[in-house]
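Worksheet for the structure shown next.
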2 protein chains.
Amino acid sequence: MSPFDDPETLERFARLAVGFAANVQPGQLVQVKSEIGKEALTRAVAAEAYRTGAKYVDVEYFDLHVKRARLEHAAQETLDWVPDWLGAKLLALSDAHAARIALSGPAAPRLLEGIDPARSGKDQLPALKETGPVVNARTTNWTILPCPTRPWAEEVHPGLEPDAAWARLGEQLLHVCRLDEDDPVAAWRERAAVLVGAAARLTERRFEAVRFRGEGTDLRVGLLPTSTWLAAQFTTIDGLAHMPNLPSEEIFCSPDPERVDGVVRATKPLVLGGSVIRGLEVEFSGGVAVRIDAEEGADVLRGYAAKDAGAARLGEVALVDGDGRIGRLDTVFYDTLLDENAASHIALGNAYSFGAGKADQDRLNRSAIHVDFMIGSDAMEVDGLAAAGGETSVLRGGAWQL
Amino acid sequence: MSPFDDPETLERFARLAVGFAANVQPGQLVQVKSEIGKEALTRAVAAEAYRTGAKYVDVEYFDLHVKRARLEHAAQETLDWVPDWLGAKLLALSDAHAARIALSGPAAPRLLEGIDPARSGKDQLPALKETGPVVNARTTNWTILPCPTRPWAEEVHPGLEPDAAWARLGEQLLHVCRLDEDDPVAAWRERAAVLVGAAARLTERRFEAVRFRGEGTDLRVGLLPTSTWLAAQFTTIDGLAHMPNLPSEEIFCSPDPERVDGVVRATKPLVLGGSVIRGLEVEFSGGVAVRIDAEEGADVLRGYAAKDAGAARLGEVALVDGDGRIGRLDTVFYDTLLDENAASHIALGNAYSFGAGKADQDRLNRSAIHVDFMIGSDAMEVDGLAAAGGETSVLRGGAWQL
């Protein structure tokens, strides 16, 4: 039995999601993006949103089996076609200043295995190109949280019996969401204060680049003059505070897409569009990912990176310290939301506007994709490089050095 | 074990739905409206549509649990609010001349029990006011077919063990969909020929009214000069033949909304918005339903009938003979698609344009609702009344008399 079999746990989770992470307001529209296999938590979240006074809760259940049918049978030239109404709806939610809640975690982790990567790379639904601009417009208070499913639990804990795996994943998610605390909201406020402090100190130093060294990586990521480090606590243009990711253990900024050089090895597998990419190694030159190799699944990421002009450049660099709860579990979750918060990471594709100041908005990377991959570990040395020369330790052994 | 546990049955059903009933064409957009609990058949239909060459299959899973949460918790004045994007999407599908497939059958038959009918009557989702105009525009080749679920099976067969009920409903649905025939398409073509013939002969007589008598009913439904009887075989403006309902055993026309008088008793329960209305009796005067009573659930229908000016007037009158497969099963399915094809029926609300000629289009009933309820049985006498006086037997003992 998992804690997520208990209606009381579902309700506590829903209260954290609706009341704190998304910060839903009475009278708001609320979108819940879910997936077949996540019905119980989805219904708890929808009910809590209505109890909070939501005007209407729009629930979308994505079905990866239908996506697989498309990838198997549809004509190649149709695979990147996206119905207008999907983007139009997201823009309508943005115009209405809606709340948006998404439930992460693979409901069918290996379902797209065996699909030609040249085909699977073309269909990026349920991701939408409108998401980046809507996030940047800061019109919606949104959050992404993990929802356990049995297939996901068995993927994460293949050495356990299915029931034990299901229970273990549920316990881990409660722990990393700090729902095992008496007051999860207070625990999140405390953790956020540490990250907000580190972000502020890092921004203040105005490094011209950060350098990652260790475990096969030697990568220099240029920063813009106004690159701004942030913790994942956002505020909408209406002044509503929200946690875009829960859990969140990272600080991040938008780098210079023209100045990224060196080689980086992913320290965790990347789950992308239903495929798993293992042993990823990417070489950058002049900002561009000029080589993408992997032990498994490289073609899937190559497909994404070829999507548009910005898809092979960086839109994010993020640092995660060793005090977060995810890294300590030493578990690969095969879900970016969790795995990226276990380790420092970089992202190919679209940059967040708020990751840099006004003067540099035109220099930020723009793309229809945003693919995070994990490059950090306790063994990774992270340094800040000053424009005038000289370097400053930023992370050593997972601990902040400034 | 139900036949619907067998992937081969799902595939045969999907082929009948996609290839015959909806008549999906290569390159078309296809919408599949489904519900949580109907995943297996939904996926089979989507896969068959892609195999047929669909450009994109849009699957929507409605979740009645979320609707229940809305009805329980949302503010009264918000309950009839419908997001613009739902109607806009349907109109976009219409503009694209898409195919539309809906899977009928209650996935959670008693879930809305206990909700205040004044509240449940206000939220008519997933029904949309745009559906009537889109059907009338004949831009889309569409079909509604039944999909079995375990809760539905237990509702229909409460005297059987759950597994037996599930098997029995599956067998019944295969039978009424003529999927127990070697060539279901040929069987449907044969049945349709009988109904198309009866409809043509009835139209030819140009009765000024039809009268229903028996079992507590004495109702006269006025017809328009151009009221046209049709079997449920439609053709789009592009010339695509499709079966809007499968199974279909009815012929129907659009009546005169100003001339309906008398009392009618429903001969079967009506499932409406998740509620069950039993023992329904409606009195009409001058076309208007002036009294709606029932042993159970009258308020739900009263809520619908108060929706707009046309909601208390008739938009359809339909005749079902005794040769159809549904009536012979002597089973109440609690699903309009099946139950209306077991018996003659009338519908409150919007009329189909094609149920009358051009000259009478302005006289057809217009409403955001269309609620069928069953009034026929083998004991019901149906007569055609001529303008010049005199009456002609139309149905006696379930058999065509002309």
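We name chains A, B, ... following the order of the structure tokens; residues begin at 1 in each chain, and ligands are numbered from 1 as shown.
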Legend entry - Counting only C-alpha atoms, chain B residues within 7 Å of chain A, as a PyMOL selection string: chain B and resi 43+46-47+50-51+53-55+61+65-66+69-70+73-74+78+85+89
Inset, instruction - Just the residues within 8 Å of Ser275 of chain B, please, counting only C-alpha atoms, with nothing from its chain fewer than 5 positions along; format it as a list in words. - result: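 Near neighbours after the sequence-gap exclusion: Pro109, Arg110, Leu112, Glu113, Gly297 and Val300 of chain B.
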Legend entry - Residue neighbourhood Arg205 of chain A, 10 Å, only C-alpha atoms, exclusion window fewer than 6 positions, as a PyMOL selection string: chain A and resi 384-386+392+402
Mind dumping the selected residues with all heavy atoms as a short mmCIF file (atom, residue, chain, number, x, y, z; two decimals), in the first residue's frame?
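The result, written out as result_30.cif:
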```
data_model
loop_
_atom_site.label_atom_id
_atom_site.label_comp_id
_atom_site.auth_asym_id
_atom_site.auth_seq_id
_atom_site.Cartn_x
_atom_site.Cartn_y
_atom_site.Cartn_z
N GLY A 384 32.87 30.21 -10.61
CA GLY A 384 32.47 31.42 -11.31
C GLY A 384 33.71 32.10 -11.87
O GLY A 384 34.71 32.25 -11.15
N LEU A 385 33.67 32.50 -13.13
CA LEU A 385 34.82 33.15 -13.76
C LEU A 385 34.52 34.64 -13.91
O LEU A 385 33.49 35.01 -14.48
CB LEU A 385 35.10 32.52 -15.13
CG LEU A 385 35.17 30.98 -15.17
CD1 LEU A 385 35.50 30.50 -16.58
CD2 LEU A 385 36.19 30.46 -14.16
N ALA A 386 35.43 35.46 -13.40
CA ALA A 386 35.20 36.90 -13.46
C ALA A 386 35.68 37.46 -14.79
O ALA A 386 36.62 36.92 -15.40
CB ALA A 386 35.93 37.59 -12.31
N THR A 392 36.23 31.87 -8.82
CA THR A 392 35.69 31.76 -7.47
C THR A 392 34.97 30.42 -7.36
O THR A 392 34.18 30.08 -8.23
CB THR A 392 34.67 32.89 -7.22
OG1 THR A 392 35.28 34.13 -7.51
CG2 THR A 392 34.16 32.86 -5.78
N LEU A 402 29.98 30.33 -1.57
CA LEU A 402 29.90 31.80 -1.46
C LEU A 402 28.53 32.20 -0.93
O LEU A 402 27.64 31.38 -0.84
CB LEU A 402 30.18 32.49 -2.80
CG LEU A 402 29.08 32.64 -3.85
CD1 LEU A 402 29.57 33.41 -5.04
CD2 LEU A 402 28.49 31.33 -4.25
#
```
Inset, instruction - For Asn23 of chain B, work out the shell of residues within 6 Å, counting only C-alpha atoms and skipping chain neighbours fewer than 4 positions away, then give it as a ChimeraX atom specification. - result: /B:18-19,242
Legend entry - DSSP-assigned helix (DSSP H, G or I) among segment 11-82 of chain A, expressed as number ranges by chain: A: 11-21, 39-52, 64-73, 76-78
